[in-house]
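Structure data follow from query.cif (mmCIF, C-alpha atoms and all ligand atoms):
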```
data_data
#
loop_
_atom_site.label_atom_id
_atom_site.label_comp_id
_atom_site.auth_asym_id
_atom_site.auth_seq_id
_atom_site.Cartn_x
_atom_site.Cartn_y
_atom_site.Cartn_z
CA MET V 26 -29.17 22.89 25.10
CA ARG V 27 -30.63 22.81 28.58
CA TYR V 28 -31.47 19.13 28.23
CA GLU V 29 -28.03 18.27 26.97
CA ARG V 30 -26.31 19.89 29.93
CA GLY V 31 -28.77 18.37 32.39
CA VAL V 32 -28.25 14.92 30.95
CA ALA V 33 -24.46 15.33 30.94
CA ALA V 34 -24.49 16.35 34.63
CA ARG V 35 -26.67 13.44 35.71
CA LEU V 36 -24.74 10.99 33.55
CA MET V 37 -21.61 12.08 35.35
CA LEU V 38 -23.36 11.25 38.61
CA VAL V 39 -24.21 7.79 37.29
CA GLU V 40 -20.62 7.31 36.19
CA THR V 41 -19.37 8.27 39.65
CA LEU V 42 -21.72 5.74 41.22
CA VAL V 43 -20.61 3.00 38.84
CA ARG V 44 -16.88 3.77 39.23
CA GLU V 45 -17.33 3.87 42.99
CA SER V 46 -18.89 0.41 43.06
CA ILE V 47 -16.26 -1.00 40.70
CA ASN V 48 -13.55 0.40 42.96
CA LYS V 49 -15.26 -1.15 45.97
CA VAL V 50 -15.07 -4.56 44.31
CA LYS V 51 -11.42 -3.98 43.43
CA ASN V 52 -10.63 -3.02 47.02
CA TYR V 53 -12.33 -6.11 48.39
CA LEU V 54 -10.49 -8.28 45.88
CA SER V 55 -7.11 -6.87 46.81
CA ARG V 56 -8.01 -7.39 50.46
CA LEU V 57 -8.52 -11.06 49.57
CA GLY V 58 -4.97 -11.09 48.24
CA VAL V 59 -5.62 -10.76 44.51
CA LYS V 60 -2.72 -8.93 42.89
CA GLU V 61 -4.21 -8.09 39.50
CA SER V 62 -7.64 -7.05 40.79
CA ASP V 63 -7.85 -4.49 37.94
CA SER V 64 -7.56 -7.07 35.21
CA VAL V 65 -9.93 -9.48 36.97
CA VAL V 66 -12.64 -6.84 37.27
CA SER V 67 -12.22 -5.45 33.76
CA GLY V 68 -12.26 -8.98 32.39
CA VAL V 69 -15.69 -9.50 33.93
CA LEU V 70 -17.34 -6.18 33.07
CA ASP V 71 -17.72 -6.73 29.35
CA ASN V 72 -17.87 -10.51 29.17
CA TYR V 73 -20.22 -13.30 30.23
CA PHE V 74 -23.38 -12.30 28.39
CA VAL V 75 -26.01 -14.92 27.60
CA ILE V 76 -27.76 -14.89 24.25
CA ASP V 77 -31.44 -15.80 24.38
CA PRO V 78 -32.22 -19.10 22.68
CA VAL V 79 -34.20 -19.19 19.43
CA SER V 80 -37.84 -18.77 20.37
CA ILE V 81 -39.64 -19.28 17.04
CA GLU V 82 -38.98 -22.99 17.47
CA PRO V 83 -40.27 -23.65 20.99
CA THR V 84 -39.26 -27.32 21.29
CA ASP V 85 -36.76 -27.68 24.11
CA ILE V 86 -36.44 -23.93 24.57
CA ILE V 87 -36.22 -24.21 28.36
CA LYS V 88 -33.56 -26.92 28.18
CA ARG V 89 -31.46 -24.84 25.79
CA MET V 90 -31.87 -21.77 27.97
CA ASP V 91 -30.93 -23.72 31.09
CA HIS V 92 -27.92 -25.18 29.31
CA MET V 93 -26.60 -21.74 28.42
CA ILE V 94 -27.25 -20.18 31.83
CA VAL V 95 -25.59 -23.07 33.69
CA ASN V 96 -22.61 -23.16 31.33
CA ASN V 97 -22.07 -19.43 31.56
CA GLU V 98 -22.22 -19.51 35.33
CA SER V 99 -19.79 -22.38 35.72
CA LYS V 100 -17.42 -20.78 33.20
CA PHE V 101 -17.55 -17.53 35.18
CA LYS V 102 -16.88 -19.26 38.49
CA LYS V 103 -14.08 -21.41 37.08
CA ASP V 104 -12.36 -18.35 35.64
CA LEU V 105 -12.67 -16.61 39.00
CA GLU V 106 -11.26 -19.62 40.79
CA LYS V 107 -8.29 -19.53 38.48
CA SER V 108 -7.54 -15.87 39.20
CA ILE V 109 -8.13 -16.21 42.96
CA PRO V 110 -6.48 -19.53 43.83
CA GLY V 111 -7.39 -21.20 47.11
CA ILE V 112 -10.62 -19.27 47.60
CA SER V 113 -13.39 -20.94 49.60
CA ARG V 114 -16.66 -21.69 47.83
CA HIS V 115 -18.66 -19.23 49.85
CA THR V 116 -16.21 -16.36 49.36
CA LEU V 117 -16.14 -17.24 45.66
CA ASN V 118 -19.94 -16.93 45.53
CA ASN V 119 -19.79 -13.58 47.32
CA VAL V 120 -17.18 -12.31 44.85
CA ALA V 121 -19.20 -13.60 41.89
CA VAL V 122 -22.39 -11.85 43.02
CA SER V 123 -20.57 -8.55 43.72
CA LEU V 124 -18.93 -8.69 40.31
CA ALA V 125 -22.28 -9.42 38.70
CA ILE V 126 -23.80 -6.36 40.41
CA ALA V 127 -20.89 -4.13 39.34
CA SER V 128 -21.13 -5.42 35.80
CA ALA V 129 -24.91 -4.81 35.70
CA LEU V 130 -24.35 -1.23 36.89
CA PHE V 131 -21.69 -0.74 34.25
CA THR V 132 -24.04 -2.01 31.53
CA VAL V 133 -26.74 0.45 32.60
CA PHE V 134 -24.22 3.27 32.43
CA LYS V 135 -23.03 2.18 28.99
CA VAL V 136 -26.59 2.11 27.60
CA LEU V 137 -27.40 5.54 29.03
CA ARG V 138 -24.17 6.97 27.63
CA HIS V 139 -25.02 5.43 24.27
CA TYR V 140 -28.36 7.24 24.06
CA TYR V 141 -26.85 10.50 25.30
CA LEU V 142 -24.10 10.45 22.65
CA LEU V 143 -26.60 9.36 20.00
CA GLY V 144 -28.88 12.26 20.88
CA LYS V 145 -25.98 14.66 20.75
CA LYS V 146 -24.58 13.29 17.50
CA TYR V 147 -27.84 13.55 15.54
CA GLU V 148 -29.15 16.53 17.54
CA ASN V 149 -32.14 14.47 18.54
CA TRP V 150 -33.69 16.63 21.26
CA VAL V 151 -36.52 14.18 21.87
CA LEU V 152 -34.01 11.52 22.90
CA LEU V 153 -32.13 13.94 25.16
CA MET V 154 -35.37 15.17 26.68
CA GLN V 155 -36.47 11.62 27.50
CA LEU V 156 -33.11 10.95 29.14
CA TYR V 157 -33.38 14.23 31.04
CA LEU V 158 -36.76 13.21 32.44
CA LEU V 159 -35.79 9.59 33.15
CA LEU V 160 -32.40 10.05 34.77
CA PRO V 161 -33.41 11.37 38.21
CA GLN V 162 -35.51 8.23 38.81
CA LEU V 163 -32.78 5.96 37.44
CA VAL V 164 -30.12 7.50 39.69
CA LYS V 165 -32.31 6.85 42.72
CA GLU V 166 -32.91 3.28 41.61
CA LEU V 167 -29.21 2.60 41.03
CA ILE V 168 -28.03 3.71 44.48
CA PRO V 169 -29.30 0.57 46.30
CA TYR V 170 -27.18 -1.59 44.00
CA THR V 171 -24.00 0.17 45.10
CA LYS V 172 -25.07 -0.41 48.71
CA ALA V 173 -25.75 -4.07 47.97
CA ILE V 174 -22.09 -4.70 47.09
CA ASP V 175 -20.96 -3.82 50.64
CA GLY V 176 -23.62 -6.04 52.15
CA VAL V 177 -22.73 -9.05 50.02
CA PHE V 178 -19.02 -8.74 50.76
CA ARG V 179 -19.60 -8.50 54.51
CA GLY V 180 -21.92 -11.50 54.30
CA LEU V 181 -25.04 -9.68 55.53
CA PRO V 182 -28.40 -11.23 54.65
CA ILE V 183 -30.27 -9.13 52.08
CA GLY V 184 -34.01 -8.67 51.65
CA ASP V 185 -34.11 -11.51 49.12
CA SER V 186 -32.71 -13.85 51.80
CA VAL V 187 -36.10 -14.17 53.50
CA GLY V 188 -36.83 -17.46 51.71
CA PRO V 189 -33.64 -19.15 52.96
CA MET V 190 -34.22 -17.61 56.41
CA VAL V 191 -37.66 -19.19 56.69
CA ALA V 192 -36.02 -22.45 55.58
CA PHE V 193 -33.40 -22.00 58.33
CA LYS V 194 -36.09 -21.37 60.92
CA LEU V 195 -37.74 -24.65 59.89
CA ALA V 196 -34.58 -26.72 59.58
CA GLY V 197 -32.55 -25.23 62.43
CA LEU V 198 -29.07 -26.68 62.63
CA SER V 199 -30.06 -30.10 61.25
CA PRO V 200 -27.50 -31.40 58.73
CA ARG V 201 -27.45 -29.92 55.24
CA ILE V 202 -27.21 -32.60 52.57
CA ASP V 203 -25.96 -31.70 49.10
CA ILE V 204 -28.48 -32.38 46.35
CA GLU V 205 -27.41 -30.09 43.50
CA GLU V 206 -24.63 -27.61 42.91
CA ASP V 207 -24.87 -24.95 45.65
CA THR V 208 -28.16 -26.47 46.79
CA VAL V 209 -28.82 -28.42 49.99
CA TYR V 210 -31.74 -30.09 51.76
CA SER V 211 -32.54 -31.01 55.35
CA LEU V 212 -35.05 -33.55 56.60
CA ILE V 213 -37.14 -32.67 59.65
CA ASN V 214 -40.22 -34.09 61.29
CA VAL V 215 -43.31 -31.94 61.88
CA GLU V 216 -45.96 -33.86 63.84
CA GLY V 217 -45.33 -37.11 61.99
CA ARG V 218 -44.78 -35.61 58.54
CA ASN V 219 -41.46 -35.83 56.70
CA VAL V 220 -40.60 -32.31 55.62
CA TYR V 221 -37.75 -31.91 53.12
CA ILE V 222 -36.42 -28.37 53.22
CA VAL V 223 -34.55 -27.16 50.14
CA LYS V 224 -32.41 -24.02 50.11
CA ALA V 225 -29.32 -22.61 48.49
CA ARG V 226 -26.13 -23.56 50.30
CA GLY V 227 -25.14 -20.79 52.71
CA PRO V 228 -23.65 -18.69 54.03
CA GLY V 229 -22.24 -17.69 50.64
CA ALA V 230 -24.16 -15.48 48.21
CA THR V 231 -25.92 -17.87 45.86
CA VAL V 232 -29.45 -18.72 44.83
CA GLY V 233 -28.52 -22.32 44.05
CA ARG V 234 -30.70 -24.48 41.83
CA PRO V 235 -33.81 -25.03 43.95
CA GLY V 236 -35.91 -26.28 41.02
CA LYS V 237 -33.53 -29.10 40.24
CA GLY V 238 -33.12 -29.78 43.97
CA VAL V 239 -36.90 -30.20 44.37
CA ALA V 240 -37.00 -32.43 41.28
CA LYS V 241 -34.25 -34.67 42.63
CA ILE V 242 -35.91 -35.04 46.04
CA ALA V 243 -39.23 -35.92 44.39
CA GLU V 244 -37.43 -38.52 42.29
CA MET V 245 -35.74 -39.87 45.43
CA LEU V 246 -39.19 -40.24 47.04
CA SER V 247 -40.48 -41.92 43.85
CA TYR V 248 -42.90 -39.04 43.37
CA SER V 249 -44.97 -39.67 46.49
CA VAL V 250 -45.09 -36.05 47.62
CA ALA V 251 -48.22 -34.65 49.23
CA ARG V 252 -47.50 -30.97 48.94
CA ILE V 253 -44.85 -28.57 47.69
CA ILE V 254 -44.51 -25.18 49.38
CA THR V 255 -42.32 -22.38 48.00
CA VAL V 256 -41.37 -19.33 50.07
CA ASP V 257 -39.91 -16.29 48.36
CA ALA V 258 -39.59 -12.53 48.49
CA ALA V 259 -41.92 -10.74 46.07
CA LEU V 260 -42.02 -7.19 44.79
CA LYS V 261 -44.65 -5.10 46.51
CA LEU V 262 -46.75 -2.50 44.78
CA GLU V 263 -46.02 1.05 45.85
CA GLY V 264 -48.22 1.72 48.89
CA GLU V 265 -48.25 -1.86 50.16
CA GLN V 266 -46.69 -2.61 53.54
CA THR V 267 -43.12 -3.93 53.47
CA GLY V 268 -42.93 -7.34 55.10
CA SER V 269 -46.58 -8.26 54.63
CA ILE V 270 -47.23 -11.92 53.90
CA ALA V 271 -49.54 -13.35 51.25
CA GLU V 272 -50.38 -16.87 50.26
CA GLY V 273 -51.38 -18.23 46.89
CA SER V 274 -50.86 -21.07 44.47
CA GLY V 275 -48.02 -21.74 42.07
CA ALA V 276 -44.25 -21.68 42.24
CA ALA V 277 -42.97 -18.54 43.97
CA ILE V 278 -39.61 -18.15 42.28
CA GLY V 279 -38.28 -15.37 40.08
CA ASP V 280 -35.72 -17.02 37.82
CA PRO V 281 -35.74 -16.68 34.01
CA GLY V 282 -37.67 -19.95 33.75
CA PRO V 283 -35.64 -23.16 34.02
CA GLU V 284 -35.95 -23.56 37.80
CA LYS V 285 -39.58 -22.53 37.98
CA ILE V 286 -40.71 -24.94 35.29
CA GLU V 287 -38.89 -27.76 37.09
CA ILE V 288 -40.98 -27.20 40.23
CA GLU V 289 -44.20 -26.94 38.23
CA ARG V 290 -43.46 -30.16 36.32
CA VAL V 291 -42.65 -32.04 39.52
CA ALA V 292 -45.85 -30.80 41.18
CA VAL V 293 -47.90 -32.00 38.21
CA LYS V 294 -46.09 -35.34 38.13
CA CYS V 295 -46.69 -35.91 41.85
CA GLY V 296 -50.22 -34.53 41.69
CA ALA V 297 -49.17 -32.35 44.61
CA PRO V 298 -50.75 -28.96 45.28
CA LEU V 299 -48.26 -26.12 44.92
CA ASP V 300 -48.46 -23.43 47.62
CA ALA V 301 -46.70 -20.09 47.41
CA VAL V 302 -45.94 -17.95 50.45
CA ILE V 303 -44.56 -14.53 49.57
CA ILE V 304 -43.04 -11.76 51.64
CA LYS V 305 -43.54 -8.38 50.03
CA MET V 306 -40.82 -5.73 49.70
CA GLY V 307 -39.61 -3.00 47.37
CA VAL V 308 -37.01 -3.66 44.70
CA ASP V 309 -34.40 -1.67 46.67
CA GLU V 310 -35.17 -3.50 49.90
CA ALA V 311 -34.71 -6.85 48.14
CA ILE V 312 -31.03 -6.19 47.39
CA LYS V 313 -29.97 -4.03 50.34
CA PRO V 314 -28.99 -5.61 53.69
CA MET V 315 -32.10 -6.82 55.47
CA SER V 316 -34.06 -4.24 57.44
CA LYS V 317 -35.68 -4.96 60.80
CA GLU V 318 -39.12 -4.68 59.23
CA ILE V 319 -38.39 -7.60 56.90
CA ALA V 320 -36.57 -9.61 59.57
CA ASP V 321 -39.68 -9.34 61.77
CA SER V 322 -41.87 -10.72 59.00
CA ILE V 323 -39.97 -14.02 58.93
CA ASP V 324 -41.76 -15.37 62.00
CA LYS V 325 -45.12 -14.73 60.34
CA ALA V 326 -44.08 -16.50 57.14
CA TYR V 327 -42.71 -19.40 59.20
CA GLN V 328 -46.00 -19.68 61.07
CA LYS V 329 -47.89 -19.65 57.78
CA VAL V 330 -45.80 -22.52 56.39
CA LEU V 331 -46.33 -24.51 59.61
CA ASP V 332 -50.10 -23.90 59.38
CA ILE V 333 -50.14 -25.17 55.80
CA ILE V 334 -48.22 -28.30 56.82
CA LYS V 335 -50.41 -29.00 59.86
CA ASN V 336 -53.80 -28.22 58.31
CA ARG V 337 -53.47 -29.50 54.75
CA THR V 338 -51.41 -32.67 55.08
CA LYS V 339 -51.74 -35.90 57.08
CA PRO V 340 -49.13 -37.52 59.35
CA GLY V 341 -46.86 -39.76 57.30
CA ASP V 342 -46.95 -37.48 54.23
CA ASN V 343 -43.83 -36.29 52.43
CA ILE V 344 -43.72 -32.52 52.00
CA ILE V 345 -41.16 -30.37 50.21
CA VAL V 346 -40.57 -26.79 51.36
CA ALA V 347 -38.29 -24.65 49.17
CA GLY V 348 -36.85 -21.43 50.62
CA ILE V 349 -36.16 -19.52 47.41
CA GLY V 350 -33.72 -16.62 47.32
CA ASN V 351 -30.14 -15.64 47.95
CA SER V 352 -28.70 -17.38 50.98
CA VAL V 353 -26.01 -14.78 51.71
CA GLY V 354 -25.34 -14.91 55.45
CA VAL V 355 -27.77 -17.78 56.09
CA TYR V 356 -26.58 -21.28 56.94
CA MET F 6 -41.90 72.07 47.70
CA ASN F 7 -44.79 70.13 46.19
CA MET F 8 -43.07 69.87 42.82
CA GLN F 9 -39.97 68.35 44.33
CA ILE F 10 -41.88 65.56 46.09
CA ASN F 11 -43.76 64.78 42.92
CA ASN F 12 -40.48 64.47 41.04
CA ASN F 13 -39.10 62.11 43.64
CA ILE F 14 -42.01 59.65 43.56
CA PRO F 15 -41.02 57.85 40.31
CA THR F 16 -37.43 57.60 41.56
CA ILE F 17 -38.56 56.05 44.83
CA ILE F 18 -40.79 53.60 42.97
CA LEU F 19 -37.85 52.64 40.74
CA ILE F 20 -35.54 52.16 43.73
CA VAL F 21 -38.13 50.01 45.53
CA PHE F 22 -38.73 48.01 42.36
CA PHE F 23 -35.06 47.30 41.72
CA SER F 24 -34.30 46.40 45.31
CA ALA F 25 -37.24 43.97 45.22
CA ILE F 26 -35.77 42.33 42.11
CA LEU F 27 -32.36 42.20 43.77
CA VAL F 28 -33.76 40.52 46.89
CA TYR F 29 -35.68 38.05 44.72
CA LEU F 30 -32.57 37.15 42.68
CA VAL F 31 -30.43 36.65 45.77
CA ARG F 32 -33.06 34.45 47.36
CA TYR F 33 -33.51 32.43 44.16
CA GLY F 34 -29.76 31.94 43.87
CA LEU F 35 -29.48 30.80 47.48
CA GLY F 36 -32.40 28.43 46.97
CA TYR F 37 -30.63 26.92 43.98
CA ILE F 38 -27.46 26.27 45.97
CA VAL F 39 -29.46 24.73 48.80
CA ARG F 40 -31.27 22.51 46.32
CA ILE F 41 -27.99 21.24 44.86
CA ARG F 42 -26.73 20.49 48.37
CA LYS F 43 -29.96 18.66 49.17
CA ASN F 44 -29.61 16.58 46.00
CA LYS F 45 -26.12 15.61 47.03
CA SER F 46 -27.16 14.68 50.56
CA GLU F 47 -29.93 12.50 49.14
CA LEU F 48 -27.24 10.31 47.64
CA GLN F 49 -25.84 9.66 51.09
CA GLU F 50 -28.25 7.67 53.22
CA PRO F 51 -28.29 7.99 56.99
CA PRO F 52 -25.61 5.85 58.67
CA LEU F 53 -26.73 2.32 59.42
CA LYS F 54 -25.90 -0.01 62.26
CA THR F 55 -25.82 -3.76 61.80
CA VAL F 56 -27.33 -5.77 64.63
CA THR F 57 -26.78 -9.46 65.34
CA VAL F 58 -29.35 -11.25 67.48
CA VAL F 59 -27.98 -14.29 69.29
CA SER F 60 -30.21 -16.66 71.22
CA CYS F 61 -29.74 -19.84 73.20
CA ILE F 62 -30.98 -23.13 71.74
CA ASN F 63 -33.04 -23.62 74.90
CA GLN F 64 -34.80 -20.30 74.27
CA ASP F 65 -33.88 -18.89 77.68
CA TYR F 66 -31.48 -16.16 76.61
CA THR F 67 -31.35 -13.55 73.83
CA LEU F 68 -28.65 -10.99 73.18
CA GLU F 69 -28.56 -8.10 70.71
CA ARG F 70 -25.03 -7.08 69.82
CA GLU F 71 -23.06 -5.35 67.11
CA PHE F 72 -22.35 -7.37 63.94
CA ARG F 73 -18.89 -8.92 63.85
CA GLU F 74 -17.06 -9.91 60.69
CA GLY F 75 -17.81 -13.56 59.97
CA ASP F 76 -21.26 -13.66 61.61
CA PHE F 77 -23.97 -15.50 59.71
CA ILE F 78 -27.39 -16.81 60.59
CA GLY F 79 -26.99 -20.29 62.04
CA LYS F 80 -23.49 -19.68 63.37
CA VAL F 81 -22.87 -21.37 66.73
CA ASP F 82 -21.67 -18.54 68.94
CA GLY F 83 -20.31 -19.81 72.24
CA PRO F 84 -21.92 -20.93 75.47
CA CYS F 85 -25.08 -19.49 76.97
CA PRO F 86 -24.40 -17.65 80.25
CA LYS F 87 -27.55 -19.14 81.80
CA CYS F 88 -27.58 -22.82 80.95
CA ASN F 89 -24.16 -23.29 79.31
CA SER F 90 -25.54 -24.88 76.13
CA SER F 91 -24.63 -23.23 72.83
CA THR F 92 -26.07 -20.03 71.38
CA VAL F 93 -26.91 -19.51 67.73
CA VAL F 94 -27.07 -16.37 65.60
CA GLU F 95 -30.78 -16.00 64.87
CA ARG F 96 -30.98 -12.75 62.98
CA ILE F 97 -28.87 -10.10 61.31
CA TYR F 98 -30.41 -6.84 60.19
CA VAL F 99 -29.58 -3.17 59.77
CA VAL F 100 -31.23 -0.26 61.56
CA PRO F 101 -30.65 3.47 61.06
CA LEU F 102 -28.47 4.80 63.88
CA ALA F 103 -31.02 7.41 64.93
CA VAL F 104 -33.91 5.01 65.59
CA ARG F 105 -31.74 2.48 67.31
CA GLU F 106 -33.35 3.21 70.69
CA THR F 107 -36.84 2.24 69.51
CA GLY F 108 -35.40 -0.94 68.04
CA ARG F 109 -33.89 -1.78 71.40
CA LYS F 110 -37.12 -1.47 73.34
CA ARG F 111 -38.87 -4.27 71.46
ZN ZN V 401 -29.50 -21.07 77.65
#
```

Before we go any further, please render this structure as structure tokens.
Amino acid sequence: MRYERGVAARLMLVETLVRESINKVKNYLSRLGVKESDSVVSGVLDNYFVIDPVSIEPTDIIKRMDHMIVNNESKFKKDLEKSIPGISRHTLNNVAVSLAIASALFTVFKVLRHYYLLGKKYENWVLLMQLYLLLPQLVKELIPYTKAIDGVFRGLPIGDSVGPMVAFKLAGLSPRIDIEEDTVYSLINVEGRNVYIVKARGPGATVGRPGKGVAKIAEMLSYSVARIITVDAALKLEGEQTGSIAEGSGAAIGDPGPEKIEIERVAVKCGAPLDAVIIKMGVDEAIKPMSKEIADSIDKAYQKVLDIIKNRTKPGDNIIVAGIGNSVGVY
Amino acid sequence: MNMQINNNIPTIILIVFFSAILVYLVRYGLGYIVRIRKNKSELQEPPLKTVTVVSCINQDYTLEREFREGDFIGKVDGPCPKCNSSTVVERIYVVPLAVRETGRKR
């Protein structure tokens, strides 16, 4: 009995959080001039799921997965464009990300409610007890997501934007050339080396398709690339310092797979070493507006990338640097 | 005289005992209310302030100001008061309102 009441109370708290964030999105939408913001939001909450491809037949699995993710995303954005006519691409991306966050929150709430009702229906106290013990942690973990919606709508860089920010620090205001959907590159010169900097197109909220961008640039250079460097935010372990920098090998990118494999394949094809520079932060810090601690770490990461370029490549080399992450608020 | 005092002792003990229980219950109840309030206040984080750092492309001028709607990193933000070339938004981050002073010193 005690568990049931405890779970019900905390579930109500979760519901309030979720409703609050859904209302936030609705408010922002009506501020953009959408009349039926209710129907737009409710149309998104339950739809646009992606079914995992068949995995017992591994041939082509990544292509099939990529196909479904890309199709789903473009369907989602086209539908949004239809309901919000005349919206700019970067506002559209901000709306899409906020809706995705609200819909993720709603899904979490639905799953929790499912187990609560199941436990009540079959008088399964073990289930209710597990929920009772889990919920306090979950509530604390969900709060940053509601905060993230405000940040994305106002166009504030979030913790995950460190990759694009390092890319900005390298590229400055040099022209952004389109290479893939929502993905741009800039060409700069670092002591005689041609450095191609790939990032998602800002300042809208999007992660772009950096893997395909890197692949296209490598193709453009007929695979004569000396080094590929990826910069991304990474989850820290509890107790590690937020904003600390680490360097390793491999592709630092946290997508479901299609973008990451593209970078790895290109690196193998070019015979280019793959460096990873990561900036550590907690999962809540990655989605909330950027804190000063993380903003201060960008200079260090930038310096690290410059060191790699200067010490491990020769003048005349082609180098690709990919700033992975959400480019909300970063040109 | 002696008998009367002896009779009173159990009564006094009882009174002391019950008032101790009463005090304990009241304090426990108050603690519970405080705990609920604390839980609620945990949901509300301290107010944050969004800071925009603007600096001149010639690196001779830096300004920290409040975030304005439409700011983004890389936005060209008007002329530099020192050398009249353009300034660019370099950084946008949030700081808790209370520790704003320490942020300013750096
Ligand atoms: Zn100046």

List as an mmCIF file with C-alpha atoms, in the frame of the given file the protein and nucleic acid residues near V:Glu265, meaning an atom at most 9 Å away when all atoms listed in the file are counted, but skip any in the same chain fewer than 3 places from it.
```
data_model
loop_
_atom_site.group_PDB
_atom_site.id
_atom_site.type_symbol
_atom_site.label_atom_id
_atom_site.label_comp_id
_atom_site.auth_asym_id
_atom_site.auth_seq_id
_atom_site.Cartn_x
_atom_site.Cartn_y
_atom_site.Cartn_z
ATOM 1 C CA LYS V 261 -44.650 -5.100 46.510
ATOM 2 C CA LEU V 262 -46.750 -2.500 44.780
ATOM 3 C CA SER V 269 -46.580 -8.260 54.630
ATOM 4 C CA LYS V 305 -43.540 -8.380 50.030
ATOM 5 C CA MET V 306 -40.820 -5.730 49.700
#
```

Using all atoms listed in the file, which residues of the polymer chains come no farther than 8 Å from ligand ZN 401 (chain V)? I'd like the answer as a PyMOL selection string.
chain F and resi 60-66+84-92

Take the residues just selected and output them with C-alpha atoms as a compact mmCIF listing (two decimals), in the frame of the given file.
```txt
# COMPACT_ATOMS: atom_id res chain seq x y z
CA SER F 60 -30.21 -16.66 71.22
CA CYS F 61 -29.74 -19.84 73.20
CA ILE F 62 -30.98 -23.13 71.74
CA ASN F 63 -33.04 -23.62 74.90
CA GLN F 64 -34.80 -20.30 74.27
CA ASP F 65 -33.88 -18.89 77.68
CA TYR F 66 -31.48 -16.16 76.61
CA PRO F 84 -21.92 -20.93 75.47
CA CYS F 85 -25.08 -19.49 76.97
CA PRO F 86 -24.40 -17.65 80.25
CA LYS F 87 -27.55 -19.14 81.80
CA CYS F 88 -27.58 -22.82 80.95
CA ASN F 89 -24.16 -23.29 79.31
CA SER F 90 -25.54 -24.88 76.13
CA SER F 91 -24.63 -23.23 72.83
CA THR F 92 -26.07 -20.03 71.38
```

Counting only C-alpha atoms, a student should be able to say which residues of chain F come within 8 Å of chain V; what is the right answer, written as a PyMOL selection string?
chain F and resi 48+74-80+96-100

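For the pair atom CA of V:Val215 and atom CA of V:Gly279, the separation is 27.8 Å.
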
Residues within 12 Å of V:Ser247, please, as a list in words. Count all atoms listed in the file; anything in the same chain fewer than 3 positions from it doesn't count.
Ala240, Lys241, Ile242, Ala243, Glu244, Val250, Ala251, Val291, Lys294, Cys295 and Asn343 of chain V

Residue selection dump (C-alpha atoms) as an mmCIF file, in the coordinates of the input:
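For reference, selection-v9.cif as written:
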```cif
data_model
loop_
_atom_site.group_PDB
_atom_site.id
_atom_site.type_symbol
_atom_site.label_atom_id
_atom_site.label_comp_id
_atom_site.auth_asym_id
_atom_site.auth_seq_id
_atom_site.Cartn_x
_atom_site.Cartn_y
_atom_site.Cartn_z
ATOM 1 C CA ALA V 240 -37.000 -32.430 41.280
ATOM 2 C CA LYS V 241 -34.250 -34.670 42.630
ATOM 3 C CA ILE V 242 -35.910 -35.040 46.040
ATOM 4 C CA ALA V 243 -39.230 -35.920 44.390
ATOM 5 C CA GLU V 244 -37.430 -38.520 42.290
ATOM 6 C CA VAL V 250 -45.090 -36.050 47.620
ATOM 7 C CA ALA V 251 -48.220 -34.650 49.230
ATOM 8 C CA VAL V 291 -42.650 -32.040 39.520
ATOM 9 C CA LYS V 294 -46.090 -35.340 38.130
ATOM 10 C CA CYS V 295 -46.690 -35.910 41.850
ATOM 11 C CA ASN V 343 -43.830 -36.290 52.430
#
```

Interatomic distance, atom CA of V:Tyr28 to atom CA of V:Trp150 (Å, one decimal)
7.7 Å

Counting only C-alpha atoms, which residues come within 10 Å of (-20.5, -5.6, 34.9), with the point read in the file's coordinates, and could you list them as a PyMOL selection string?
chain V and resi 43+47+66-74+123-134

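One finds atom CA of V:Ala230 at 6.8 Å from atom CA of V:Val177.
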